[in-house]
$ cat input-v8.cif   # mmCIF, C-alpha atoms
data_structure
loop_
_atom_site.group_PDB
_atom_site.id
_atom_site.type_symbol
_atom_site.label_atom_id
_atom_site.label_comp_id
_atom_site.auth_asym_id
_atom_site.auth_seq_id
_atom_site.Cartn_x
_atom_site.Cartn_y
_atom_site.Cartn_z
ATOM 1 C CA MET A 1 -120.575 97.748 -227.197
ATOM 2 C CA PRO A 2 -124.305 97.712 -228.060
ATOM 3 C CA ALA A 3 -126.794 98.416 -225.299
ATOM 4 C CA ASP A 4 -129.411 95.832 -226.306
ATOM 5 C CA ILE A 5 -127.689 92.774 -224.850
ATOM 6 C CA ASP A 6 -130.160 90.056 -223.906
ATOM 7 C CA THR A 7 -128.138 88.382 -221.154
ATOM 8 C CA ARG A 8 -125.071 89.371 -219.185
ATOM 9 C CA LEU A 9 -123.036 86.712 -217.434
ATOM 10 C CA ASP A 10 -120.083 87.230 -215.107
ATOM 11 C CA VAL A 11 -117.866 84.209 -214.488
ATOM 12 C CA SER A 12 -114.911 86.060 -212.985
ATOM 13 C CA GLY A 13 -112.941 84.140 -210.391
ATOM 14 C CA VAL A 14 -113.766 80.622 -211.560
ATOM 15 C CA CYS A 15 -111.595 78.559 -213.849
ATOM 16 C CA CYS A 16 -111.923 76.041 -216.631
ATOM 17 C CA PRO A 17 -114.370 74.339 -217.211
ATOM 18 C CA VAL A 18 -116.867 76.220 -215.001
ATOM 19 C CA PRO A 19 -117.125 79.212 -217.414
ATOM 20 C CA LEU A 20 -118.055 76.800 -220.201
ATOM 21 C CA ILE A 21 -120.734 75.116 -218.082
ATOM 22 C CA GLN A 22 -122.259 78.451 -217.046
ATOM 23 C CA LEU A 23 -122.104 79.666 -220.627
ATOM 24 C CA ALA A 24 -123.830 76.539 -221.955
ATOM 25 C CA LYS A 25 -126.566 76.884 -219.328
ATOM 26 C CA SER A 26 -127.212 80.522 -220.264
ATOM 27 C CA VAL A 27 -127.145 79.888 -224.003
ATOM 28 C CA ARG A 28 -129.772 77.151 -223.603
ATOM 29 C CA LEU A 29 -132.231 79.736 -222.286
ATOM 30 C CA LEU A 30 -131.711 82.050 -225.279
ATOM 31 C CA LYS A 31 -133.326 81.948 -228.691
ATOM 32 C CA PRO A 32 -131.342 82.068 -231.951
ATOM 33 C CA GLY A 33 -130.292 85.609 -232.775
ATOM 34 C CA GLN A 34 -130.179 86.820 -229.174
ATOM 35 C CA THR A 35 -126.939 88.170 -227.750
ATOM 36 C CA LEU A 36 -124.995 87.314 -224.608
ATOM 37 C CA LEU A 37 -122.152 89.171 -222.941
ATOM 38 C CA ILE A 38 -119.880 86.979 -220.850
ATOM 39 C CA THR A 39 -117.050 88.293 -218.692
ATOM 40 C CA GLY A 40 -114.343 86.194 -217.091
ATOM 41 C CA ASN A 41 -110.710 86.285 -215.987
ATOM 42 C CA ASP A 42 -109.595 82.696 -216.467
ATOM 43 C CA PRO A 43 -106.281 82.480 -218.419
ATOM 44 C CA VAL A 44 -107.922 80.353 -221.142
ATOM 45 C CA PHE A 45 -111.299 82.088 -220.947
ATOM 46 C CA GLU A 46 -111.254 83.770 -224.346
ATOM 47 C CA SER A 47 -110.152 80.661 -226.243
ATOM 48 C CA ALA A 48 -112.726 78.601 -224.331
ATOM 49 C CA VAL A 49 -115.569 80.883 -225.435
ATOM 50 C CA ARG A 50 -114.258 80.972 -229.001
ATOM 51 C CA ASP A 51 -114.034 77.152 -229.083
ATOM 52 C CA PHE A 52 -117.537 76.886 -227.631
ATOM 53 C CA CYS A 53 -118.891 79.179 -230.341
ATOM 54 C CA GLN A 54 -117.016 77.313 -233.067
ATOM 55 C CA ALA A 55 -118.296 73.942 -231.868
ATOM 56 C CA ASN A 56 -121.918 75.016 -231.483
ATOM 57 C CA GLY A 57 -122.362 77.489 -234.332
ATOM 58 C CA HIS A 58 -122.559 80.752 -232.387
ATOM 59 C CA ALA A 59 -120.987 83.980 -233.618
ATOM 60 C CA VAL A 60 -118.393 85.953 -231.667
ATOM 61 C CA LEU A 61 -119.250 89.622 -232.243
ATOM 62 C CA GLU A 62 -116.812 91.486 -230.045
ATOM 63 C CA VAL A 63 -113.981 90.768 -227.616
ATOM 64 C CA THR A 64 -112.783 93.438 -225.175
ATOM 65 C CA SER A 65 -110.018 93.146 -222.609
ATOM 66 C CA GLY A 66 -110.377 94.892 -219.281
ATOM 67 C CA ASP A 67 -108.080 95.315 -216.300
ATOM 68 C CA ASN A 68 -107.082 92.442 -213.986
ATOM 69 C CA HIS A 69 -106.916 89.966 -216.934
ATOM 70 C CA SER A 70 -110.681 90.177 -217.435
ATOM 71 C CA VAL A 71 -112.050 89.581 -220.932
ATOM 72 C CA SER A 72 -115.579 90.254 -222.159
ATOM 73 C CA VAL A 73 -116.952 88.376 -225.138
ATOM 74 C CA LEU A 74 -120.161 89.354 -226.890
ATOM 75 C CA LEU A 75 -121.709 86.507 -228.825
ATOM 76 C CA ARG A 76 -124.816 85.918 -230.887
ATOM 77 C CA VAL A 77 -126.618 82.623 -230.426
ATOM 78 C CA GLY A 78 -126.783 80.663 -233.670
ATOM 79 C CA GLY A 79 -129.677 78.606 -234.950
ATOM 80 C CA MET B 1 -116.575 26.457 -248.990
ATOM 81 C CA SER B 2 -119.265 26.101 -251.647
ATOM 82 C CA ASN B 3 -119.508 29.780 -252.631
ATOM 83 C CA ALA B 4 -115.768 30.336 -252.952
ATOM 84 C CA GLN B 5 -114.944 33.035 -255.466
ATOM 85 C CA THR B 6 -112.669 32.215 -258.324
ATOM 86 C CA THR B 7 -111.434 35.768 -258.846
ATOM 87 C CA PRO B 8 -108.479 36.787 -256.687
ATOM 88 C CA HIS B 9 -109.374 38.820 -253.640
ATOM 89 C CA GLN B 10 -109.141 42.523 -254.360
ATOM 90 C CA VAL B 11 -107.869 44.667 -251.507
ATOM 91 C CA GLU B 12 -109.668 47.973 -251.492
ATOM 92 C CA ILE B 13 -107.302 50.785 -250.632
ATOM 93 C CA PRO B 14 -109.287 53.512 -248.895
ATOM 94 C CA ALA B 15 -108.902 57.116 -249.973
ATOM 95 C CA LYS B 16 -105.959 58.695 -248.205
ATOM 96 C CA THR B 17 -107.236 60.896 -245.452
ATOM 97 C CA GLN B 18 -105.243 62.151 -242.500
ATOM 98 C CA LYS B 19 -106.368 60.215 -239.445
ATOM 99 C CA LYS B 20 -106.082 61.939 -236.103
ATOM 100 C CA GLY B 21 -105.746 60.684 -232.573
ATOM 101 C CA THR B 22 -105.457 62.062 -229.064
ATOM 102 C CA ILE B 23 -103.932 60.570 -225.929
ATOM 103 C CA LEU B 24 -104.713 62.034 -222.520
ATOM 104 C CA LEU B 25 -102.123 61.176 -219.869
ATOM 105 C CA VAL B 26 -103.320 61.756 -216.317
ATOM 106 C CA SER B 27 -101.179 59.279 -214.363
ATOM 107 C CA GLY B 28 -97.629 60.119 -213.434
ATOM 108 C CA GLU B 29 -96.451 56.525 -213.367
ATOM 109 C CA LEU B 30 -93.665 55.076 -215.443
ATOM 110 C CA ASP B 31 -95.635 52.149 -216.884
ATOM 111 C CA LYS B 32 -98.641 54.171 -217.999
ATOM 112 C CA ALA B 33 -96.539 57.050 -219.297
ATOM 113 C CA MET B 34 -94.388 54.609 -221.265
ATOM 114 C CA ILE B 35 -97.378 52.969 -222.944
ATOM 115 C CA ALA B 36 -98.858 56.401 -223.723
ATOM 116 C CA PHE B 37 -95.657 57.633 -225.377
ATOM 117 C CA GLU B 38 -95.116 54.301 -227.151
ATOM 118 C CA MET B 39 -98.554 54.527 -228.703
ATOM 119 C CA ALA B 40 -98.143 58.194 -229.563
ATOM 120 C CA ALA B 41 -94.806 57.661 -231.287
ATOM 121 C CA GLY B 42 -95.897 54.420 -232.918
ATOM 122 C CA PHE B 43 -99.179 55.775 -234.247
ATOM 123 C CA GLN B 44 -97.462 58.914 -235.521
ATOM 124 C CA ALA B 45 -94.922 56.706 -237.284
ATOM 125 C CA MET B 46 -97.805 54.786 -238.877
ATOM 126 C CA GLY B 47 -99.125 58.051 -240.311
ATOM 127 C CA MET B 48 -101.715 59.135 -237.770
ATOM 128 C CA GLU B 49 -101.557 62.729 -236.602
ATOM 129 C CA MET B 50 -101.209 62.370 -232.847
ATOM 130 C CA SER B 51 -101.746 64.914 -230.131
ATOM 131 C CA MET B 52 -100.878 64.270 -226.487
ATOM 132 C CA TRP B 53 -102.633 65.999 -223.606
ATOM 133 C CA PHE B 54 -101.260 66.086 -220.095
ATOM 134 C CA ALA B 55 -103.184 66.602 -216.880
ATOM 135 C CA LEU B 56 -102.239 66.415 -213.198
ATOM 136 C CA TYR B 57 -99.318 63.994 -212.633
ATOM 137 C CA GLY B 58 -98.989 63.305 -216.351
ATOM 138 C CA THR B 59 -97.292 66.699 -216.640
ATOM 139 C CA ASN B 60 -94.343 65.283 -214.644
ATOM 140 C CA CYS B 61 -93.105 63.553 -217.818
ATOM 141 C CA LEU B 62 -92.472 66.924 -219.407
ATOM 142 C CA ARG B 63 -90.824 68.542 -216.391
ATOM 143 C CA LYS B 64 -87.133 69.039 -215.942
ATOM 144 C CA PRO B 65 -85.863 66.329 -213.579
ATOM 145 C CA ARG B 66 -85.391 67.482 -210.019
ATOM 146 C CA SER B 67 -84.674 65.362 -206.957
ATOM 147 C CA LEU B 68 -87.167 65.102 -204.112
ATOM 148 C CA PHE B 69 -84.380 66.396 -201.832
ATOM 149 C CA SER B 70 -83.580 69.476 -203.908
ATOM 150 C CA PRO B 71 -83.765 72.579 -201.671
ATOM 151 C CA ALA B 72 -84.929 74.718 -204.600
ATOM 152 C CA LYS B 73 -87.933 72.450 -204.978
ATOM 153 C CA TRP B 74 -89.008 72.983 -201.360
ATOM 154 C CA PHE B 75 -87.841 76.514 -200.620
ATOM 155 C CA GLY B 76 -87.632 78.158 -204.053
ATOM 156 C CA LYS B 77 -90.157 80.732 -205.186
ATOM 157 C CA LEU B 78 -93.301 79.425 -206.898
ATOM 158 C CA ARG B 79 -92.841 80.994 -210.310
ATOM 159 C CA GLY B 80 -95.410 82.244 -212.764
ATOM 160 C CA GLY B 81 -95.714 81.319 -216.408
ATOM 161 C CA THR B 82 -98.221 80.622 -219.149
ATOM 162 C CA GLY B 83 -101.638 79.880 -217.677
ATOM 163 C CA ARG B 84 -100.484 80.559 -214.103
ATOM 164 C CA ARG B 85 -102.229 82.913 -211.703
ATOM 165 C CA PRO B 86 -99.649 83.514 -208.961
ATOM 166 C CA GLU B 87 -101.961 85.939 -207.130
ATOM 167 C CA THR B 88 -104.219 82.991 -206.176
ATOM 168 C CA ASP B 89 -101.383 80.741 -204.907
ATOM 169 C CA VAL B 90 -101.698 79.255 -201.414
ATOM 170 C CA ALA B 91 -98.996 77.932 -199.068
ATOM 171 C CA LEU B 92 -100.120 74.303 -199.385
ATOM 172 C CA GLN B 93 -99.191 74.345 -203.063
ATOM 173 C CA ARG B 94 -95.595 74.292 -201.895
ATOM 174 C CA VAL B 95 -96.191 70.890 -200.267
ATOM 175 C CA VAL B 96 -97.680 69.483 -203.487
ATOM 176 C CA HIS B 97 -94.813 71.034 -205.419
ATOM 177 C CA GLY B 98 -92.256 69.524 -203.052
ATOM 178 C CA LEU B 99 -93.678 65.988 -202.928
ATOM 179 C CA ASN B 100 -94.265 65.790 -206.681
ATOM 180 C CA HIS B 101 -91.986 63.474 -208.677
ATOM 181 C CA GLU B 102 -90.536 65.855 -211.244
ATOM 182 C CA GLY B 103 -89.025 64.505 -214.409
ATOM 183 C CA ALA B 104 -89.452 61.375 -216.482
ATOM 184 C CA CYS B 105 -86.485 59.714 -214.741
ATOM 185 C CA HIS B 106 -88.124 59.976 -211.294
ATOM 186 C CA LEU B 107 -91.509 58.424 -212.032
ATOM 187 C CA PRO B 108 -92.617 55.511 -209.811
ATOM 188 C CA LEU B 109 -94.422 52.360 -210.942
ATOM 189 C CA SER B 110 -98.123 51.862 -210.326
ATOM 190 C CA GLN B 111 -97.500 48.282 -209.165
ATOM 191 C CA LEU B 112 -94.420 46.562 -207.713
ATOM 192 C CA ASN B 113 -92.789 49.893 -206.989
ATOM 193 C CA PHE B 114 -90.820 48.519 -203.980
ATOM 194 C CA GLY B 115 -90.164 52.014 -202.680
ATOM 195 C CA GLY B 116 -88.376 53.143 -205.830
ATOM 196 C CA ALA B 117 -86.522 49.908 -206.653
ATOM 197 C CA GLY B 118 -89.243 48.771 -209.070
ATOM 198 C CA PRO B 119 -88.516 51.373 -211.757
ATOM 199 C CA MET B 120 -84.793 50.553 -211.570
ATOM 200 C CA ILE B 121 -85.538 46.843 -212.042
ATOM 201 C CA LEU B 122 -87.913 47.524 -214.938
ATOM 202 C CA ARG B 123 -85.436 49.874 -216.595
ATOM 203 C CA HIS B 124 -82.665 47.297 -216.192
ATOM 204 C CA ILE B 125 -84.827 44.626 -217.830
ATOM 205 C CA MET B 126 -85.756 46.989 -220.636
ATOM 206 C CA ARG B 127 -82.127 47.933 -221.214
ATOM 207 C CA ARG B 128 -81.170 44.264 -221.507
ATOM 208 C CA LYS B 129 -84.024 43.687 -223.949
ATOM 209 C CA GLY B 130 -83.151 46.730 -226.043
ATOM 210 C CA MET B 131 -86.464 48.464 -225.362
ATOM 211 C CA ALA B 132 -86.692 52.243 -225.498
ATOM 212 C CA GLN B 133 -86.653 54.138 -222.223
ATOM 213 C CA LEU B 134 -89.308 56.735 -221.444
ATOM 214 C CA GLU B 135 -86.926 59.643 -222.108
ATOM 215 C CA ASP B 136 -86.104 58.253 -225.574
ATOM 216 C CA LEU B 137 -89.788 57.734 -226.309
ATOM 217 C CA ILE B 138 -90.556 61.345 -225.400
ATOM 218 C CA ARG B 139 -87.767 62.564 -227.664
ATOM 219 C CA ASN B 140 -88.821 60.244 -230.495
ATOM 220 C CA ALA B 141 -92.461 61.273 -230.222
ATOM 221 C CA ARG B 142 -91.487 64.923 -230.418
ATOM 222 C CA GLU B 143 -89.137 64.334 -233.363
ATOM 223 C CA LEU B 144 -91.909 62.556 -235.267
ATOM 224 C CA GLY B 145 -94.177 65.560 -234.756
ATOM 225 C CA VAL B 146 -96.506 64.575 -231.904
ATOM 226 C CA ARG B 147 -97.973 67.740 -230.403
ATOM 227 C CA PHE B 148 -97.977 68.227 -226.629
ATOM 228 C CA THR B 149 -100.590 70.238 -224.745
ATOM 229 C CA ILE B 150 -100.960 70.756 -221.002
ATOM 230 C CA CYS B 151 -104.157 71.436 -219.079
ATOM 231 C CA GLN B 152 -104.199 75.012 -217.784
ATOM 232 C CA VAL B 153 -105.944 74.152 -214.502
ATOM 233 C CA CYS B 154 -103.257 71.600 -213.633
ATOM 234 C CA VAL B 155 -100.481 74.026 -214.525
ATOM 235 C CA ASP B 156 -101.992 76.536 -212.120
ATOM 236 C CA ALA B 157 -102.755 74.087 -209.302
ATOM 237 C CA MET B 158 -99.379 72.327 -209.362
ATOM 238 C CA ALA B 159 -97.330 75.548 -209.675
ATOM 239 C CA PHE B 160 -95.841 74.462 -212.983
ATOM 240 C CA SER B 161 -93.927 77.243 -214.671
ATOM 241 C CA VAL B 162 -94.354 76.932 -218.471
ATOM 242 C CA PRO B 163 -91.981 76.997 -220.347
ATOM 243 C CA ASP B 164 -89.223 77.361 -217.696
ATOM 244 C CA ASP B 165 -89.883 73.951 -216.081
ATOM 245 C CA LEU B 166 -90.221 72.080 -219.378
ATOM 246 C CA ILE B 167 -87.593 69.725 -220.803
ATOM 247 C CA VAL B 168 -85.983 70.863 -224.028
ATOM 248 C CA GLU B 169 -88.036 68.456 -226.182
ATOM 249 C CA ALA B 170 -91.277 69.941 -224.922
ATOM 250 C CA VAL B 171 -90.614 73.675 -225.035
ATOM 251 C CA GLU B 172 -93.254 74.139 -227.731
ATOM 252 C CA THR B 173 -95.929 72.713 -225.440
ATOM 253 C CA GLU B 174 -99.117 74.741 -225.366
ATOM 254 C CA VAL B 175 -101.364 75.404 -222.381
ATOM 255 C CA LYS B 176 -105.052 74.992 -223.179
ATOM 256 C CA GLY B 177 -108.393 74.213 -221.589
ATOM 257 C CA VAL B 178 -111.111 71.613 -221.923
ATOM 258 C CA SER B 179 -112.719 73.399 -224.869
ATOM 259 C CA ALA B 180 -109.616 72.956 -227.016
ATOM 260 C CA TYR B 181 -109.452 69.296 -225.967
ATOM 261 C CA TYR B 182 -113.078 68.862 -227.037
ATOM 262 C CA LEU B 183 -112.375 70.264 -230.499
ATOM 263 C CA GLU B 184 -109.484 67.845 -230.996
ATOM 264 C CA VAL B 185 -111.358 64.846 -229.613
ATOM 265 C CA ALA B 186 -114.403 65.561 -231.774
ATOM 266 C CA ALA B 187 -112.218 65.661 -234.905
ATOM 267 C CA ALA B 188 -110.140 62.594 -233.995
ATOM 268 C CA ASP B 189 -110.653 58.920 -234.852
ATOM 269 C CA TYR B 190 -108.815 57.541 -231.843
ATOM 270 C CA ASN B 191 -109.021 58.887 -228.296
ATOM 271 C CA VAL B 192 -107.592 57.196 -225.250
ATOM 272 C CA THR B 193 -106.859 58.134 -221.636
ATOM 273 C CA PHE B 194 -104.156 56.730 -219.402
#

$ encode --input "input-v8.cif" --output "structure tokens"
Amino acid sequence: MPADIDTRLDVSGVCCPVPLIQLAKSVRLLKPGQTLLITGNDPVFESAVRDFCQANGHAVLEVTSGDNHSVSVLLRVGG
Amino acid sequence: MSNAQTTPHQVEIPAKTQKKGTILLVSGELDKAMIAFEMAAGFQAMGMEMSMWFALYGTNCLRKPRSLFSPAKWFGKLRGGTGRRPETDVALQRVVHGLNHEGACHLPLSQLNFGGAGPMILRHIMRRKGMAQLEDLIRNARELGVRFTICQVCVDAMAFSVPDDLIVEAVETEVKGVSAYYLEVAAADYNVTF
């Protein structure tokens, strides 16, 4: 995982759709090309982030699964 | 009419594109569920690609029928399943689980319920008129290819074990979140909520 991540966001412990809302808020503050690492443990968290990226033109760079059902998604904000 | 055209009216047949529609069922009442499934099956039969989403009490249509007085419903273990997080369960979920009307045959009416007699009266009338019952509509919708999806948050909150608690017609039901619903709604021509 690259070290130059612009924003890190932890949404562990909350469930759909709060991760999406937090993600949208954070992405609004970023410029195109910047990266964001979001971590959550909601059962539909990974698909939610993937759908968000698909709908808004962001790129999913890396997905890593941790312990306790947590998933981290690194994404690049699209233009 | 003075400007009446002499040429016969030409009906323009639009280019054949697959139309899509979504129906979100939130209420767990017989009348609303019946209309939702009627529209889903009917629209699918007309050629529209329909997708049904279930939230809160709407999920009761897809559950295996179980009586309100079933001991397993009140004292059985709250089971896990797709989209469930049993480690966050609380004791009050058992009350919700117990009082919930499980199964399409146990749904009440939103009006004129008469303490459970209303659905029997409505079903009797419908049987005499040859109308399809809710269970038949669910089966028909599934046979025509309507896709079923359940909200993950509701599955977790109402202790709904997917796919163990699902009726046989709905075993292919998926558990998804609001983001997946958005993608379907944005691509669909017809969206409605009951």

$ closest_residue --input "input-v8.cif" --among "B:Met39, B:Val96, B:Ala188, B:Leu183" --to "chain A" --atoms "only C-alpha atoms"
B:Leu183

$ interface_residues --input "input-v8.cif" --of "chain A" --to "chain B" --cutoff "8 Å" --atoms "only C-alpha atoms" --output "count of residues only"
11

$ residues_around --input "input-v8.cif" --residues "Leu37 (chain A)" --least-positions-apart "5" --cutoff "8 Å" --atoms "only C-alpha atoms" --output "PDB file with C-alpha atoms, in the coordinates of the input"
ATOM      1  CA  ILE A   5    -127.689  92.774-224.850  1.00  0.00           C
ATOM      2  CA  THR A   7    -128.138  88.382-221.154  1.00  0.00           C
ATOM      3  CA  ARG A   8    -125.071  89.371-219.185  1.00  0.00           C
ATOM      4  CA  LEU A   9    -123.036  86.712-217.434  1.00  0.00           C
ATOM      5  CA  SER A  72    -115.579  90.254-222.159  1.00  0.00           C
ATOM      6  CA  VAL A  73    -116.952  88.376-225.138  1.00  0.00           C
ATOM      7  CA  LEU A  74    -120.161  89.354-226.890  1.00  0.00           C
ATOM      8  CA  LEU A  75    -121.709  86.507-228.825  1.00  0.00           C
TER       9      LEU A  75
END

$ resolve_selection --input "input-v8.cif" --expression "the PyMOL selection byres ((chain A and resi 23) around 9)" --output "PDB file with C-alpha atoms, in the frame of the given file"
ATOM      1  CA  LEU A   9    -123.036  86.712-217.434  1.00  0.00           C
ATOM      2  CA  VAL A  11    -117.866  84.209-214.488  1.00  0.00           C
ATOM      3  CA  VAL A  18    -116.867  76.220-215.001  1.00  0.00           C
ATOM      4  CA  PRO A  19    -117.125  79.212-217.414  1.00  0.00           C
ATOM      5  CA  LEU A  20    -118.055  76.800-220.201  1.00  0.00           C
ATOM      6  CA  ILE A  21    -120.734  75.116-218.082  1.00  0.00           C
ATOM      7  CA  GLN A  22    -122.259  78.451-217.046  1.00  0.00           C
ATOM      8  CA  ALA A  24    -123.830  76.539-221.955  1.00  0.00           C
ATOM      9  CA  LYS A  25    -126.566  76.884-219.328  1.00  0.00           C
ATOM     10  CA  SER A  26    -127.212  80.522-220.264  1.00  0.00           C
ATOM     11  CA  VAL A  27    -127.145  79.888-224.003  1.00  0.00           C
ATOM     12  CA  ARG A  28    -129.772  77.151-223.603  1.00  0.00           C
ATOM     13  CA  ILE A  38    -119.880  86.979-220.850  1.00  0.00           C
ATOM     14  CA  VAL A  49    -115.569  80.883-225.435  1.00  0.00           C
ATOM     15  CA  PHE A  52    -117.537  76.886-227.631  1.00  0.00           C
TER      16      PHE A  52
END

$ closest_residue --input "input-v8.cif" --among "A:Asp6, A:Gln34, A:Thr39, A:Leu29" --to "Ser70 (chain A)" --atoms "all atoms listed in the file"
A:Thr39

$ closest_atom_pairs --input "input-v8.cif" --of "region 71-128 of chain B" --to "region 49-62 of chain B" --cutoff "8 Å" --atoms "all atoms listed in the file" --output "Markdown table"
| residue | atom | partner | partner_atom | distance |
| --- | --- | --- | --- | --- |
| B:Asn100 | CA | B:Asn60 | CA | 8.0 |
| B:His101 | CA | B:Asn60 | CA | 6.7 |
| B:Glu102 | CA | B:Asn60 | CA | 5.1 |
| B:Gly103 | CA | B:Asn60 | CA | 5.4 |
| B:Ala104 | CA | B:Cys61 | CA | 4.5 |
| B:Leu107 | CA | B:Asn60 | CA | 7.9 |

$ atom_distance --input "input-v8.cif" --atom1 "CA of Gln44 (chain B)" --atom2 "CA of Gly21 (chain B)"
9.0 Å

$ atom_distance --input "input-v8.cif" --atom1 "CA of Ile23 (chain B)" --atom2 "CA of Leu137 (chain B)"
14.4 Å

$ closest_residue --input "input-v8.cif" --among "B:Leu24, B:Ile35, B:Leu166, B:Leu68" --to "Gln133 (chain B)" --atoms "only C-alpha atoms"
B:Ile35

$ resolve_selection --input "input-v8.cif" --expression "the PyMOL selection byres ((chain B and resi 162) around 6)" --output "JSON, numbers by chain"
{"B": [81, 82, 161, 163, 164, 165]}

$ build_atoms --input "input-v8.cif" --residues "region 56-71 of chain A" --atoms "N, CA and C atoms" --output "PDB file, keeping the file's coordinate frame"
ATOM      1  N   ASN A  56    -120.456  75.018-231.544  1.00  0.00           N
ATOM      2  CA  ASN A  56    -121.918  75.016-231.483  1.00  0.00           C
ATOM      3  C   ASN A  56    -122.570  75.996-232.448  1.00  0.00           C
ATOM      4  N   GLY A  57    -121.790  76.639-233.297  1.00  0.00           N
ATOM      5  CA  GLY A  57    -122.362  77.489-234.332  1.00  0.00           C
ATOM      6  C   GLY A  57    -122.842  78.842-233.852  1.00  0.00           C
ATOM      7  N   HIS A  58    -122.243  79.386-232.817  1.00  0.00           N
ATOM      8  CA  HIS A  58    -122.559  80.752-232.387  1.00  0.00           C
ATOM      9  C   HIS A  58    -121.536  81.706-232.991  1.00  0.00           C
ATOM     10  N   ALA A  59    -121.885  82.995-233.008  1.00  0.00           N
ATOM     11  CA  ALA A  59    -120.987  83.980-233.618  1.00  0.00           C
ATOM     12  C   ALA A  59    -120.389  84.877-232.539  1.00  0.00           C
ATOM     13  N   VAL A  60    -119.059  85.018-232.578  1.00  0.00           N
ATOM     14  CA  VAL A  60    -118.393  85.953-231.667  1.00  0.00           C
ATOM     15  C   VAL A  60    -118.437  87.334-232.314  1.00  0.00           C
ATOM     16  N   LEU A  61    -119.092  88.289-231.658  1.00  0.00           N
ATOM     17  CA  LEU A  61    -119.250  89.622-232.243  1.00  0.00           C
ATOM     18  C   LEU A  61    -118.134  90.557-231.812  1.00  0.00           C
ATOM     19  N   GLU A  62    -117.766  90.508-230.549  1.00  0.00           N
ATOM     20  CA  GLU A  62    -116.812  91.486-230.045  1.00  0.00           C
ATOM     21  C   GLU A  62    -116.072  90.914-228.842  1.00  0.00           C
ATOM     22  N   VAL A  63    -114.784  91.197-228.762  1.00  0.00           N
ATOM     23  CA  VAL A  63    -113.981  90.768-227.616  1.00  0.00           C
ATOM     24  C   VAL A  63    -113.271  91.991-227.068  1.00  0.00           C
ATOM     25  N   THR A  64    -113.457  92.291-225.791  1.00  0.00           N
ATOM     26  CA  THR A  64    -112.783  93.438-225.175  1.00  0.00           C
ATOM     27  C   THR A  64    -112.041  92.976-223.932  1.00  0.00           C
ATOM     28  N   SER A  65    -110.822  93.484-223.784  1.00  0.00           N
ATOM     29  CA  SER A  65    -110.018  93.146-222.609  1.00  0.00           C
ATOM     30  C   SER A  65    -110.107  94.276-221.604  1.00  0.00           C
ATOM     31  N   GLY A  66    -110.332  93.901-220.353  1.00  0.00           N
ATOM     32  CA  GLY A  66    -110.377  94.892-219.281  1.00  0.00           C
ATOM     33  C   GLY A  66    -109.172  94.757-218.386  1.00  0.00           C
ATOM     34  N   ASP A  67    -109.204  95.428-217.229  1.00  0.00           N
ATOM     35  CA  ASP A  67    -108.080  95.315-216.300  1.00  0.00           C
ATOM     36  C   ASP A  67    -108.219  94.022-215.494  1.00  0.00           C
ATOM     37  N   ASN A  68    -107.140  93.656-214.805  1.00  0.00           N
ATOM     38  CA  ASN A  68    -107.082  92.442-213.986  1.00  0.00           C
ATOM     39  C   ASN A  68    -107.380  91.188-214.814  1.00  0.00           C
ATOM     40  N   HIS A  69    -106.813  91.113-216.023  1.00  0.00           N
ATOM     41  CA  HIS A  69    -106.916  89.966-216.934  1.00  0.00           C
ATOM     42  C   HIS A  69    -108.344  89.645-217.351  1.00  0.00           C
ATOM     43  N   SER A  70    -109.302  90.526-217.090  1.00  0.00           N
ATOM     44  CA  SER A  70    -110.681  90.177-217.435  1.00  0.00           C
ATOM     45  C   SER A  70    -110.919  90.400-218.932  1.00  0.00           C
ATOM     46  N   VAL A  71    -111.719  89.528-219.510  1.00  0.00           N
ATOM     47  CA  VAL A  71    -112.050  89.581-220.932  1.00  0.00           C
ATOM     48  C   VAL A  71    -113.566  89.481-221.054  1.00  0.00           C
TER      49      VAL A  71
END
